[in-house]
$ cat target-v2.txt   # compact mmCIF, C-alpha atoms and all ligand atoms
# COMPACT_ATOMS: atom_id res chain seq x y z
CA MET A 1 19.64 5.18 2.84
CA SER A 2 17.49 7.80 4.48
CA ARG A 3 14.53 7.08 6.68
CA LEU A 4 11.20 7.60 4.96
CA LEU A 5 8.57 6.28 7.37
CA THR A 6 8.57 5.94 11.15
CA VAL A 7 5.80 4.12 13.01
CA LYS A 8 6.33 4.25 16.75
CA ASN A 9 4.25 2.97 19.62
CA VAL A 10 1.10 3.02 17.54
CA LYS A 11 -2.15 1.83 19.08
CA LYS A 12 -5.62 1.80 17.60
CA VAL A 13 -8.69 1.00 19.64
CA TYR A 14 -12.11 0.86 18.02
CA GLN A 15 -15.33 0.99 19.94
CA SER A 16 -17.96 -1.32 18.52
CA ARG A 17 -21.05 0.70 17.67
CA PHE A 18 -23.44 -2.02 18.77
CA SER A 19 -22.00 -3.61 21.88
CA GLY A 20 -19.83 -0.66 22.92
CA GLN A 21 -16.99 -3.16 23.37
CA LEU A 22 -13.42 -2.06 22.72
CA VAL A 23 -11.50 -3.71 19.87
CA HIS A 24 -7.72 -3.40 20.22
CA ALA A 25 -6.96 -3.56 16.48
CA LEU A 26 -3.36 -2.39 16.97
CA ARG A 27 -1.72 -2.85 20.36
CA GLN A 28 1.83 -1.72 19.81
CA ILE A 29 3.30 -1.22 16.34
CA ASP A 30 6.91 -0.16 15.80
CA PHE A 31 8.85 -0.22 12.56
CA THR A 32 10.61 2.04 10.09
CA ILE A 33 11.00 2.03 6.32
CA ASP A 34 13.95 3.50 4.44
CA GLU A 35 13.75 5.20 1.10
CA GLY A 36 13.83 2.62 -1.71
CA GLU A 37 12.65 -0.33 0.40
CA TYR A 38 9.91 -2.77 -0.57
CA VAL A 39 8.27 -4.03 2.60
CA ALA A 40 5.38 -6.46 2.96
CA ILE A 41 3.33 -6.72 6.13
CA MET A 42 1.79 -10.16 6.49
CA GLY A 43 -0.91 -11.27 8.82
CA GLU A 44 -4.10 -13.25 8.91
CA SER A 45 -7.50 -11.75 8.33
CA GLY A 46 -8.40 -9.52 11.27
CA SER A 47 -4.78 -9.01 12.40
CA GLY A 48 -4.98 -5.24 11.85
CA LYS A 49 -3.31 -4.84 8.43
CA SER A 50 -5.91 -2.55 6.87
CA THR A 51 -6.18 -0.56 10.09
CA LEU A 52 -2.43 0.05 9.99
CA LEU A 53 -2.42 0.96 6.31
CA ASN A 54 -5.31 3.39 6.79
CA LEU A 55 -3.39 5.16 9.56
CA ILE A 56 -0.31 5.47 7.35
CA ALA A 57 -2.58 6.68 4.56
CA THR A 58 -3.85 9.46 6.91
CA LEU A 59 -7.39 8.16 6.35
CA ASP A 60 -7.74 7.59 10.08
CA LYS A 61 -5.86 8.59 13.24
CA PRO A 62 -4.14 6.34 15.78
CA THR A 63 -5.48 6.25 19.33
CA SER A 64 -1.91 6.97 20.39
CA GLY A 65 1.60 6.85 18.99
CA LEU A 66 3.65 8.51 16.28
CA ILE A 67 3.59 8.19 12.50
CA GLN A 68 6.02 10.27 10.52
CA LEU A 69 6.90 10.61 6.83
CA ARG A 70 10.46 11.99 6.85
CA ASP A 71 10.08 14.72 9.49
CA MET A 72 6.36 15.30 8.97
CA ASP A 73 4.46 14.22 12.06
CA PHE A 74 0.96 13.00 11.09
CA ASN A 75 -0.43 14.22 14.41
CA ARG A 76 0.33 17.75 13.24
CA ILE A 77 -1.51 17.49 9.95
CA LEU A 78 -4.79 19.35 10.23
CA GLU A 79 -7.99 17.69 9.06
CA LYS A 80 -8.35 20.16 6.19
CA GLU A 81 -4.76 19.55 5.04
CA ALA A 82 -4.96 15.76 5.03
CA ALA A 83 -6.33 15.39 1.49
CA ASN A 84 -3.57 17.58 0.05
CA PHE A 85 -0.94 15.79 2.09
CA ARG A 86 -2.11 12.43 0.76
CA ARG A 87 -2.15 13.68 -2.81
CA ASP A 88 1.32 15.19 -2.56
CA HIS A 89 3.13 12.36 -0.80
CA LEU A 90 1.29 9.06 -0.94
CA GLY A 91 -0.12 6.69 -3.55
CA PHE A 92 -2.68 3.95 -2.83
CA VAL A 93 -3.67 0.73 -4.45
CA PHE A 94 -6.65 -1.08 -2.96
CA GLN A 95 -7.91 -4.60 -3.45
CA ASP A 96 -11.08 -3.48 -5.22
CA PHE A 97 -9.46 -0.87 -7.54
CA ASN A 98 -11.85 1.98 -6.65
CA LEU A 99 -12.06 3.35 -10.20
CA LEU A 100 -14.82 5.76 -11.21
CA ASP A 101 -17.05 4.10 -13.82
CA THR A 102 -18.29 7.35 -15.38
CA PHE A 103 -14.70 8.51 -16.07
CA SER A 104 -12.49 7.21 -18.88
CA VAL A 105 -9.31 5.39 -17.94
CA LYS A 106 -7.32 8.50 -18.79
CA ASP A 107 -9.50 10.75 -16.61
CA ASN A 108 -9.34 8.26 -13.73
CA ILE A 109 -5.54 8.35 -13.85
CA LEU A 110 -5.31 12.12 -14.22
CA LEU A 111 -7.87 12.90 -11.50
CA PRO A 112 -5.30 13.49 -8.71
CA LEU A 113 -3.42 15.94 -10.95
CA VAL A 114 -6.64 17.70 -11.96
CA LEU A 115 -7.45 18.13 -8.27
CA SER A 116 -4.04 19.67 -7.64
CA ARG A 117 -4.48 21.96 -10.68
CA THR A 118 -1.50 20.63 -12.59
CA PRO A 119 -1.13 22.24 -16.04
CA TYR A 120 -2.36 19.97 -18.85
CA PRO A 121 0.97 19.61 -20.73
CA LYS A 122 2.61 18.39 -17.53
CA MET A 123 -0.18 15.85 -17.01
CA GLU A 124 0.29 14.51 -20.54
CA ALA A 125 4.06 14.38 -20.09
CA ARG A 126 3.63 12.18 -17.04
CA LEU A 127 0.82 10.04 -18.39
CA THR A 128 2.46 8.92 -21.63
CA PRO A 129 5.53 7.12 -20.20
CA LEU A 130 3.61 5.79 -17.20
CA ALA A 131 0.87 4.27 -19.35
CA ALA A 132 3.52 2.71 -21.59
CA ALA A 133 5.38 1.25 -18.60
CA LEU A 134 2.15 -0.27 -17.28
CA GLY A 135 1.07 -1.56 -20.70
CA ILE A 136 -2.20 0.42 -20.74
CA SER A 137 -1.52 2.97 -23.51
CA GLU A 138 -4.18 1.36 -25.71
CA LEU A 139 -6.80 1.51 -22.96
CA LEU A 140 -6.78 5.23 -22.14
CA GLU A 141 -10.02 6.11 -23.94
CA LYS A 142 -11.92 3.11 -22.56
CA TYR A 143 -14.09 2.97 -19.43
CA PRO A 144 -13.32 0.83 -16.37
CA TYR A 145 -16.26 -1.55 -16.95
CA GLU A 146 -14.75 -2.44 -20.34
CA LEU A 147 -11.55 -3.73 -18.71
CA SER A 148 -10.49 -7.01 -17.12
CA GLY A 149 -9.60 -7.12 -13.43
CA GLY A 150 -5.88 -7.10 -14.15
CA GLN A 151 -6.24 -4.12 -16.49
CA GLN A 152 -8.31 -2.23 -13.90
CA GLN A 153 -5.66 -2.89 -11.29
CA ARG A 154 -2.95 -1.50 -13.60
CA VAL A 155 -5.07 1.61 -14.13
CA ALA A 156 -5.41 1.96 -10.35
CA ILE A 157 -1.62 1.67 -10.06
CA ALA A 158 -1.17 4.36 -12.72
CA ARG A 159 -3.51 6.63 -10.77
CA ALA A 160 -1.48 5.95 -7.62
CA LEU A 161 1.83 6.71 -9.35
CA ILE A 162 0.86 9.73 -11.47
CA THR A 163 1.57 12.08 -8.56
CA GLN A 164 5.06 10.53 -8.15
CA PRO A 165 4.42 9.63 -4.49
CA GLU A 166 7.26 9.11 -2.06
CA LEU A 167 5.51 6.04 -0.70
CA LEU A 168 3.23 3.61 -2.53
CA LEU A 169 0.76 1.89 -0.19
CA ALA A 170 -1.06 -1.26 -1.27
CA ASP A 171 -3.75 -3.16 0.65
CA GLU A 172 -4.10 -6.75 -0.63
CA PRO A 173 -3.40 -5.60 -4.20
CA THR A 174 -3.64 -9.14 -5.58
CA GLY A 175 -6.72 -10.02 -3.52
CA ALA A 176 -9.19 -9.78 -6.42
CA LEU A 177 -6.90 -11.15 -9.15
CA ASP A 178 -6.39 -14.64 -10.59
CA SER A 179 -2.96 -16.20 -10.10
CA LYS A 180 -1.57 -15.25 -13.51
CA THR A 181 -2.65 -11.62 -13.19
CA SER A 182 -1.44 -11.52 -9.57
CA ASN A 183 1.94 -12.66 -10.73
CA GLN A 184 2.08 -9.90 -13.34
CA LEU A 185 1.18 -7.33 -10.72
CA LEU A 186 3.84 -8.61 -8.34
CA GLN A 187 6.45 -8.47 -11.09
CA LEU A 188 5.37 -4.93 -11.86
CA PHE A 189 5.81 -3.93 -8.19
CA GLU A 190 9.29 -5.44 -8.24
CA ARG A 191 10.16 -3.44 -11.34
CA LEU A 192 8.82 -0.23 -9.78
CA ASN A 193 10.92 -0.92 -6.71
CA ASP A 194 14.01 -1.63 -8.86
CA ASN A 195 13.46 1.85 -10.29
CA GLY A 196 13.49 3.37 -6.82
CA GLN A 197 9.82 3.38 -5.75
CA THR A 198 9.38 2.77 -2.02
CA ILE A 199 6.51 0.32 -1.46
CA LEU A 200 4.57 -0.85 1.58
CA MET A 201 2.14 -3.66 0.86
CA VAL A 202 -0.11 -5.48 3.32
CA THR A 203 -1.23 -8.97 2.41
CA HIS A 204 -2.28 -12.30 3.83
CA SER A 205 -0.60 -14.06 0.89
CA SER A 206 2.87 -15.51 1.42
CA ILE A 207 3.35 -15.60 -2.36
CA ALA A 208 2.73 -11.86 -2.59
CA ALA A 209 5.00 -11.22 0.40
CA SER A 210 7.80 -13.28 -1.17
CA HIS A 211 8.26 -10.56 -3.80
CA ALA A 212 9.22 -7.94 -1.19
CA GLN A 213 12.69 -7.25 0.19
CA ARG A 214 11.55 -7.51 3.81
CA VAL A 215 8.51 -9.05 5.47
CA LEU A 216 7.01 -8.01 8.80
CA PHE A 217 4.59 -10.41 10.46
CA ILE A 218 1.74 -8.96 12.46
CA LYS A 219 -0.52 -10.75 14.83
CA ASP A 220 -2.88 -9.57 17.54
CA GLY A 221 -1.99 -6.00 16.63
CA GLN A 222 1.76 -6.40 17.10
CA VAL A 223 4.79 -6.93 14.86
CA PHE A 224 6.20 -10.17 16.18
CA HIS A 225 8.80 -11.13 13.58
CA GLN A 226 10.59 -9.90 10.50
CA LEU A 227 12.54 -11.47 7.66
CA TYR A 228 14.98 -9.96 5.19
CA ARG A 229 15.27 -11.47 1.73
CA GLY A 230 19.05 -11.18 1.64
CA LYS A 231 20.32 -12.93 -1.48
CA LYS A 232 17.36 -15.31 -1.81
CA ASN A 233 15.30 -15.49 -4.98
CA ASN A 234 11.49 -15.33 -4.75
CA GLN A 235 11.06 -19.11 -4.49
CA GLN A 236 13.67 -19.44 -1.74
CA PHE A 237 12.22 -16.46 0.11
CA LEU A 238 8.74 -17.98 -0.18
CA GLU A 239 10.04 -21.19 1.42
CA THR A 240 11.58 -19.20 4.27
CA ILE A 241 8.32 -17.32 4.81
CA ALA A 242 6.35 -20.58 4.82
CA GLU A 243 8.79 -22.23 7.25
CA THR A 244 8.66 -19.20 9.53
CA MET A 245 4.88 -19.28 9.59
CA THR A 246 4.84 -22.99 10.41
CA ALA A 247 7.42 -22.52 13.17
CA LEU A 248 5.50 -19.62 14.65
CA LEU A 249 2.25 -21.58 14.58
CA THR A 250 3.86 -24.64 16.17
CA LYS A 251 5.50 -22.56 18.87
CA GLU A 252 2.09 -21.26 19.73
CA GLY A 253 0.32 -24.64 19.81
P1 LIG A 301 -7.08 -7.08 8.42
O1 LIG A 301 -6.98 -6.02 7.38
O2 LIG A 301 -5.76 -7.63 8.84
O3 LIG A 301 -8.02 -8.18 8.02
P2 LIG A 301 -8.45 -5.05 10.01
O4 LIG A 301 -7.45 -3.98 10.20
O5 LIG A 301 -9.47 -4.82 8.96
O6 LIG A 301 -7.69 -6.44 9.76
O7 LIG A 301 -9.19 -5.33 11.38
C1 LIG A 301 -8.53 -5.53 12.61
C2 LIG A 301 -9.56 -5.66 13.73
O8 LIG A 301 -10.20 -4.41 13.95
C3 LIG A 301 -10.66 -6.67 13.45
O9 LIG A 301 -11.00 -7.29 14.65
C4 LIG A 301 -11.78 -5.79 12.94
O10 LIG A 301 -13.04 -6.38 13.19
C5 LIG A 301 -11.60 -4.53 13.77
N1 LIG A 301 -12.07 -3.31 13.06
C6 LIG A 301 -11.60 -2.84 11.88
N2 LIG A 301 -12.21 -1.68 11.54
C7 LIG A 301 -13.12 -1.42 12.54
C8 LIG A 301 -14.06 -0.37 12.78
N3 LIG A 301 -14.19 0.68 11.94
N4 LIG A 301 -14.81 -0.45 13.92
C9 LIG A 301 -14.66 -1.48 14.80
N5 LIG A 301 -13.79 -2.48 14.62
C10 LIG A 301 -13.03 -2.47 13.52
MG MG A 302 -7.67 -5.93 5.39
$ encode --input "target-v2.txt" --output "structure tokens"
Amino acid sequence: MSRLLTVKNVKKVYQSRFSGQLVHALRQIDFTIDEGEYVAIMGESGSGKSTLLNLIATLDKPTSGLIQLRDMDFNRILEKEAANFRRDHLGFVFQDFNLLDTFSVKDNILLPLVLSRTPYPKMEARLTPLAAALGISELLEKYPYELSGGQQQRVAIARALITQPELLLADEPTGALDSKTSNQLLQLFERLNDNGQTILMVTHSSIAASHAQRVLFIKDGQVFHQLYRGKKNNQQFLETIAETMTALLTKEG
């Protein structure tokens, strides 16, 4: 397996606008992801998950440290190139979908390809099988406000995948979904990963994390533990994750 993502020695310090105080959101983050992996990063609210994902998404820059996709060093990507870089290499799924209400479902999904001036026949050729795989073929002419939360999330996933990104990034993708719809989304992510999609998801949910192949735990801006699924099924992996969290909490207390 070849290395897809390298995160090395990454720190992120925010300065509070009001008090001027420094917030050490990420103190020291080190990990790598190989092509084809499905990795979940778990941590409580405020542990730095979104900060980390935004750095990997090139939406923000680390205070120090290295982030690399294959051999592309993010520190070398110029401000004006960042949007193109994101569009060409990364896909994002956010908790709150971020769909444009004045665009049809189809136009929402195709937007990244329109921005990169992809010829129309190629757009259609990608859209048709992707929409079928996500079960949204019947929804393409509708508008986001006509859809349920689960349907909106699947549209957001289609938009993230239409560019065939090397890495799919998801920030609490089940955060706004009920448990049945969450479960469908998690099964969909598993299927995407079975078909070769590399996925990095951050979540505070151990159920969501139990669908990944590997789980990193972050706390106080550091990765302090990791688990591999091995041959466990989701339920067994969930139990291991829960036991690990209890053990780590007890150790602390
Ligand atoms: P999580 O996603 O795990 O809930 P975040 O990455 O959003 O955590 O936040 C980590 C820490 O950094 C928190 O203490 C948060 O208040 C702080 N933080 C996040 N974004 C900013 C910002 N733009 N300015 C100042 N502090 C921030
Ligand atoms: Mg967050």
$ residues_around --input "target-v2.txt" --residues "stretch 236-253 of chain A" --least-positions-apart "2" --cutoff "10 Å" --atoms "all atoms listed in the file" --output "PyMOL selection string"
chain A and resi 42-43+206-215+217+224-234
$ closest_atom_pairs --input "target-v2.txt" --of "chain A" --to "ligand LIG 301 (chain A)" --cutoff "9 Å" --atoms "all atoms listed in the file" --output "tab-separated table"
residue	atom	partner	partner_atom	distance
A:Lys12	CA	A:LIG301	O8	8.5
A:Val13	CA	A:LIG301	N5	8.0
A:Tyr14	CA	A:LIG301	C9	4.7
A:Gln15	CA	A:LIG301	C9	5.7
A:Ser16	CA	A:LIG301	C9	5.0
A:Arg17	CA	A:LIG301	C9	7.3
A:Leu22	CA	A:LIG301	C9	8.0
A:Val23	CA	A:LIG301	N5	5.9
A:His24	CA	A:LIG301	O8	6.8
A:Ala25	CA	A:LIG301	O8	4.2
A:Leu26	CA	A:LIG301	C1	7.5
A:Met42	CA	A:LIG301	O2	8.3
A:Gly43	CA	A:LIG301	O2	6.1
A:Glu44	CA	A:LIG301	O2	5.9
A:Ser45	CA	A:LIG301	O3	3.6
A:Gly46	CA	A:LIG301	O6	3.5
A:Ser47	CA	A:LIG301	O2	3.9
A:Gly48	CA	A:LIG301	O4	3.2
A:Lys49	CA	A:LIG301	O2	3.7
A:Ser50	CA	A:LIG301	O1	3.7
A:Thr51	CA	A:LIG301	O4	3.6
A:Leu52	CA	A:LIG301	O4	6.4
A:Leu53	CA	A:LIG301	O4	8.1
A:Asn54	CA	A:LIG301	O4	8.4
A:Asp171	CA	A:LIG301	O1	8.0
A:Glu172	CA	A:LIG301	O1	8.5
A:Val202	CA	A:LIG301	O1	8.0
A:Thr203	CA	A:LIG301	O2	8.0
A:His204	CA	A:LIG301	O2	7.7
A:Ile218	CA	A:LIG301	O2	8.4
A:Lys219	CA	A:LIG301	O2	8.5
A:Asp220	CA	A:LIG301	C1	8.5
A:Gly221	CA	A:LIG301	C1	7.7
$ closest_residue --input "target-v2.txt" --among "A:Arg87, A:Leu130, A:Asp73, A:Leu139" --to "A:Ser104" --atoms "only C-alpha atoms"
A:Leu139
$ atom_distance --input "target-v2.txt" --atom1 "atom CA of A:Gln95" --atom2 "atom CA of A:Leu192"
18.4 Å
$ atom_distance --input "target-v2.txt" --atom1 "atom CA of A:Leu168" --atom2 "atom CA of A:Phe92"
5.9 Å
$ residues_around --input "target-v2.txt" --residues "stretch 117-127 of chain A" --least-positions-apart "6" --cutoff "9 Å" --atoms "all atoms listed in the file" --output "list in words"
Lys106, Ile109, Leu110, Ala158, Ile162 and Thr163 of chain A
$ residues_near_point --input "target-v2.txt" --point "(11.9, 3.1, 4.6)" --cutoff "9 Å" --atoms "all atoms listed in the file" --output "PyMOL selection string"
chain A and resi 1-6+32-39+167+198-200
$ closest_residue --input "target-v2.txt" --among "A:Gln153, A:Gln164, A:Ser205, A:Asn84" --to "ligand MG 302 (chain A)" --atoms "all atoms listed in the file"
A:Ser205
$ closest_residue --input "target-v2.txt" --among "A:Ala170, A:Ala160, A:Leu115, A:Leu216" --to "ligand MG 302 (chain A)" --atoms "all atoms listed in the file"
A:Ala170
$ residues_near_point --input "target-v2.txt" --point "(5.4, -1.4, 18.5)" --cutoff "8 Å" --atoms "all atoms listed in the file" --output "ChimeraX atom specification"
/A:7-10,27-31,222-223
$ write_last_selection --input "target-v2.txt" --atoms "C-alpha atoms" --output "compact mmCIF listing (two decimals), in the frame of the given file"
# COMPACT_ATOMS: atom_id res chain seq x y z
CA VAL A 7 5.80 4.12 13.01
CA LYS A 8 6.33 4.25 16.75
CA ASN A 9 4.25 2.97 19.62
CA VAL A 10 1.10 3.02 17.54
CA ARG A 27 -1.72 -2.85 20.36
CA GLN A 28 1.83 -1.72 19.81
CA ILE A 29 3.30 -1.22 16.34
CA ASP A 30 6.91 -0.16 15.80
CA PHE A 31 8.85 -0.22 12.56
CA GLN A 222 1.76 -6.40 17.10
CA VAL A 223 4.79 -6.93 14.86
$ closest_residue --input "target-v2.txt" --among "A:Asn195, A:Ala156, A:Gly149, A:Phe97" --to "A:Ser182" --atoms "all atoms listed in the file"
A:Gly149
$ closest_residue --input "target-v2.txt" --among "A:Leu185, A:Leu69, A:Ala40, A:Leu113" --to "A:Gly135" --atoms "all atoms listed in the file"
A:Leu185
$ atom_distance --input "target-v2.txt" --atom1 "atom CA of A:Ile67" --atom2 "atom CA of A:Phe189"
24.1 Å
$ closest_residue --input "target-v2.txt" --among "A:Leu134, A:Leu169, A:Val105, A:Ala176" --to "A:Leu55" --atoms "all atoms listed in the file"
A:Leu169
$ build_atoms --input "target-v2.txt" --residues "stretch 14-37 of chain A" --atoms "N, CA, C and O atoms" --output "PDB file, in the frame of the given file"
ATOM      1  N   TYR A  14     -10.791   0.513  18.537  1.00  0.00           N
ATOM      2  CA  TYR A  14     -12.110   0.860  18.020  1.00  0.00           C
ATOM      3  C   TYR A  14     -13.143   0.550  19.089  1.00  0.00           C
ATOM      4  O   TYR A  14     -12.977  -0.378  19.874  1.00  0.00           O
ATOM      5  N   GLN A  15     -14.207   1.335  19.075  1.00  0.00           N
ATOM      6  CA  GLN A  15     -15.330   0.990  19.940  1.00  0.00           C
ATOM      7  C   GLN A  15     -16.464   0.476  19.056  1.00  0.00           C
ATOM      8  O   GLN A  15     -16.884   1.168  18.134  1.00  0.00           O
ATOM      9  N   SER A  16     -16.886  -0.734  19.319  1.00  0.00           N
ATOM     10  CA  SER A  16     -17.960  -1.320  18.520  1.00  0.00           C
ATOM     11  C   SER A  16     -19.232  -0.502  18.716  1.00  0.00           C
ATOM     12  O   SER A  16     -19.605  -0.170  19.836  1.00  0.00           O
ATOM     13  N   ARG A  17     -19.883  -0.169  17.597  1.00  0.00           N
ATOM     14  CA  ARG A  17     -21.050   0.700  17.670  1.00  0.00           C
ATOM     15  C   ARG A  17     -22.231   0.020  18.361  1.00  0.00           C
ATOM     16  O   ARG A  17     -23.065   0.664  18.951  1.00  0.00           O
ATOM     17  N   PHE A  18     -22.276  -1.311  18.240  1.00  0.00           N
ATOM     18  CA  PHE A  18     -23.440  -2.020  18.770  1.00  0.00           C
ATOM     19  C   PHE A  18     -23.273  -2.396  20.233  1.00  0.00           C
ATOM     20  O   PHE A  18     -24.067  -2.036  21.076  1.00  0.00           O
ATOM     21  N   SER A  19     -22.164  -3.107  20.526  1.00  0.00           N
ATOM     22  CA  SER A  19     -22.000  -3.610  21.880  1.00  0.00           C
ATOM     23  C   SER A  19     -21.270  -2.596  22.774  1.00  0.00           C
ATOM     24  O   SER A  19     -21.298  -2.712  23.994  1.00  0.00           O
ATOM     25  N   GLY A  20     -20.612  -1.603  22.134  1.00  0.00           N
ATOM     26  CA  GLY A  20     -19.830  -0.660  22.920  1.00  0.00           C
ATOM     27  C   GLY A  20     -18.499  -1.253  23.366  1.00  0.00           C
ATOM     28  O   GLY A  20     -17.705  -0.581  24.020  1.00  0.00           O
ATOM     29  N   GLN A  21     -18.244  -2.504  22.978  1.00  0.00           N
ATOM     30  CA  GLN A  21     -16.990  -3.160  23.370  1.00  0.00           C
ATOM     31  C   GLN A  21     -15.786  -2.557  22.650  1.00  0.00           C
ATOM     32  O   GLN A  21     -15.892  -2.110  21.528  1.00  0.00           O
ATOM     33  N   LEU A  22     -14.630  -2.584  23.325  1.00  0.00           N
ATOM     34  CA  LEU A  22     -13.420  -2.060  22.720  1.00  0.00           C
ATOM     35  C   LEU A  22     -12.703  -3.144  21.927  1.00  0.00           C
ATOM     36  O   LEU A  22     -12.548  -4.271  22.398  1.00  0.00           O
ATOM     37  N   VAL A  23     -12.285  -2.791  20.706  1.00  0.00           N
ATOM     38  CA  VAL A  23     -11.500  -3.710  19.870  1.00  0.00           C
ATOM     39  C   VAL A  23     -10.090  -3.130  19.767  1.00  0.00           C
ATOM     40  O   VAL A  23      -9.909  -2.033  19.238  1.00  0.00           O
ATOM     41  N   HIS A  24      -9.108  -3.863  20.307  1.00  0.00           N
ATOM     42  CA  HIS A  24      -7.720  -3.400  20.220  1.00  0.00           C
ATOM     43  C   HIS A  24      -7.134  -3.889  18.888  1.00  0.00           C
ATOM     44  O   HIS A  24      -6.490  -4.926  18.837  1.00  0.00           O
ATOM     45  N   ALA A  25      -7.384  -3.133  17.823  1.00  0.00           N
ATOM     46  CA  ALA A  25      -6.960  -3.560  16.480  1.00  0.00           C
ATOM     47  C   ALA A  25      -5.439  -3.520  16.372  1.00  0.00           C
ATOM     48  O   ALA A  25      -4.834  -4.411  15.793  1.00  0.00           O
ATOM     49  N   LEU A  26      -4.823  -2.471  16.924  1.00  0.00           N
ATOM     50  CA  LEU A  26      -3.360  -2.390  16.970  1.00  0.00           C
ATOM     51  C   LEU A  26      -2.948  -2.123  18.416  1.00  0.00           C
ATOM     52  O   LEU A  26      -3.390  -1.150  19.018  1.00  0.00           O
ATOM     53  N   ARG A  27      -2.099  -2.994  18.955  1.00  0.00           N
ATOM     54  CA  ARG A  27      -1.720  -2.850  20.360  1.00  0.00           C
ATOM     55  C   ARG A  27      -0.433  -2.066  20.537  1.00  0.00           C
ATOM     56  O   ARG A  27      -0.300  -1.261  21.450  1.00  0.00           O
ATOM     57  N   GLN A  28       0.505  -2.331  19.643  1.00  0.00           N
ATOM     58  CA  GLN A  28       1.830  -1.720  19.810  1.00  0.00           C
ATOM     59  C   GLN A  28       2.597  -1.976  18.531  1.00  0.00           C
ATOM     60  O   GLN A  28       3.154  -3.054  18.345  1.00  0.00           O
ATOM     61  N   ILE A  29       2.621  -1.002  17.630  1.00  0.00           N
ATOM     62  CA  ILE A  29       3.300  -1.220  16.340  1.00  0.00           C
ATOM     63  C   ILE A  29       4.510  -0.295  16.238  1.00  0.00           C
ATOM     64  O   ILE A  29       4.387   0.920  16.409  1.00  0.00           O
ATOM     65  N   ASP A  30       5.663  -0.898  15.979  1.00  0.00           N
ATOM     66  CA  ASP A  30       6.910  -0.160  15.800  1.00  0.00           C
ATOM     67  C   ASP A  30       7.651  -0.706  14.599  1.00  0.00           C
ATOM     68  O   ASP A  30       7.936  -1.901  14.551  1.00  0.00           O
ATOM     69  N   PHE A  31       7.931   0.149  13.637  1.00  0.00           N
ATOM     70  CA  PHE A  31       8.850  -0.220  12.560  1.00  0.00           C
ATOM     71  C   PHE A  31       9.215   1.038  11.771  1.00  0.00           C
ATOM     72  O   PHE A  31       8.583   2.085  11.956  1.00  0.00           O
ATOM     73  N   THR A  32      10.246   0.924  10.953  1.00  0.00           N
ATOM     74  CA  THR A  32      10.610   2.040  10.090  1.00  0.00           C
ATOM     75  C   THR A  32      10.840   1.514   8.679  1.00  0.00           C
ATOM     76  O   THR A  32      11.084   0.324   8.486  1.00  0.00           O
ATOM     77  N   ILE A  33      10.726   2.394   7.712  1.00  0.00           N
ATOM     78  CA  ILE A  33      11.000   2.030   6.320  1.00  0.00           C
ATOM     79  C   ILE A  33      11.947   3.077   5.740  1.00  0.00           C
ATOM     80  O   ILE A  33      11.712   4.284   5.883  1.00  0.00           O
ATOM     81  N   ASP A  34      13.009   2.595   5.102  1.00  0.00           N
ATOM     82  CA  ASP A  34      13.950   3.500   4.440  1.00  0.00           C
ATOM     83  C   ASP A  34      13.512   3.749   3.011  1.00  0.00           C
ATOM     84  O   ASP A  34      12.809   2.931   2.410  1.00  0.00           O
ATOM     85  N   GLU A  35      13.972   4.856   2.494  1.00  0.00           N
ATOM     86  CA  GLU A  35      13.750   5.200   1.100  1.00  0.00           C
ATOM     87  C   GLU A  35      14.230   4.048   0.206  1.00  0.00           C
ATOM     88  O   GLU A  35      15.316   3.525   0.432  1.00  0.00           O
ATOM     89  N   GLY A  36      13.422   3.652  -0.756  1.00  0.00           N
ATOM     90  CA  GLY A  36      13.830   2.620  -1.710  1.00  0.00           C
ATOM     91  C   GLY A  36      13.514   1.200  -1.269  1.00  0.00           C
ATOM     92  O   GLY A  36      13.735   0.269  -2.031  1.00  0.00           O
ATOM     93  N   GLU A  37      12.985   1.023  -0.060  1.00  0.00           N
ATOM     94  CA  GLU A  37      12.650  -0.330   0.400  1.00  0.00           C
ATOM     95  C   GLU A  37      11.331  -0.819  -0.203  1.00  0.00           C
ATOM     96  O   GLU A  37      10.478  -0.026  -0.617  1.00  0.00           O
TER      97      GLU A  37
END
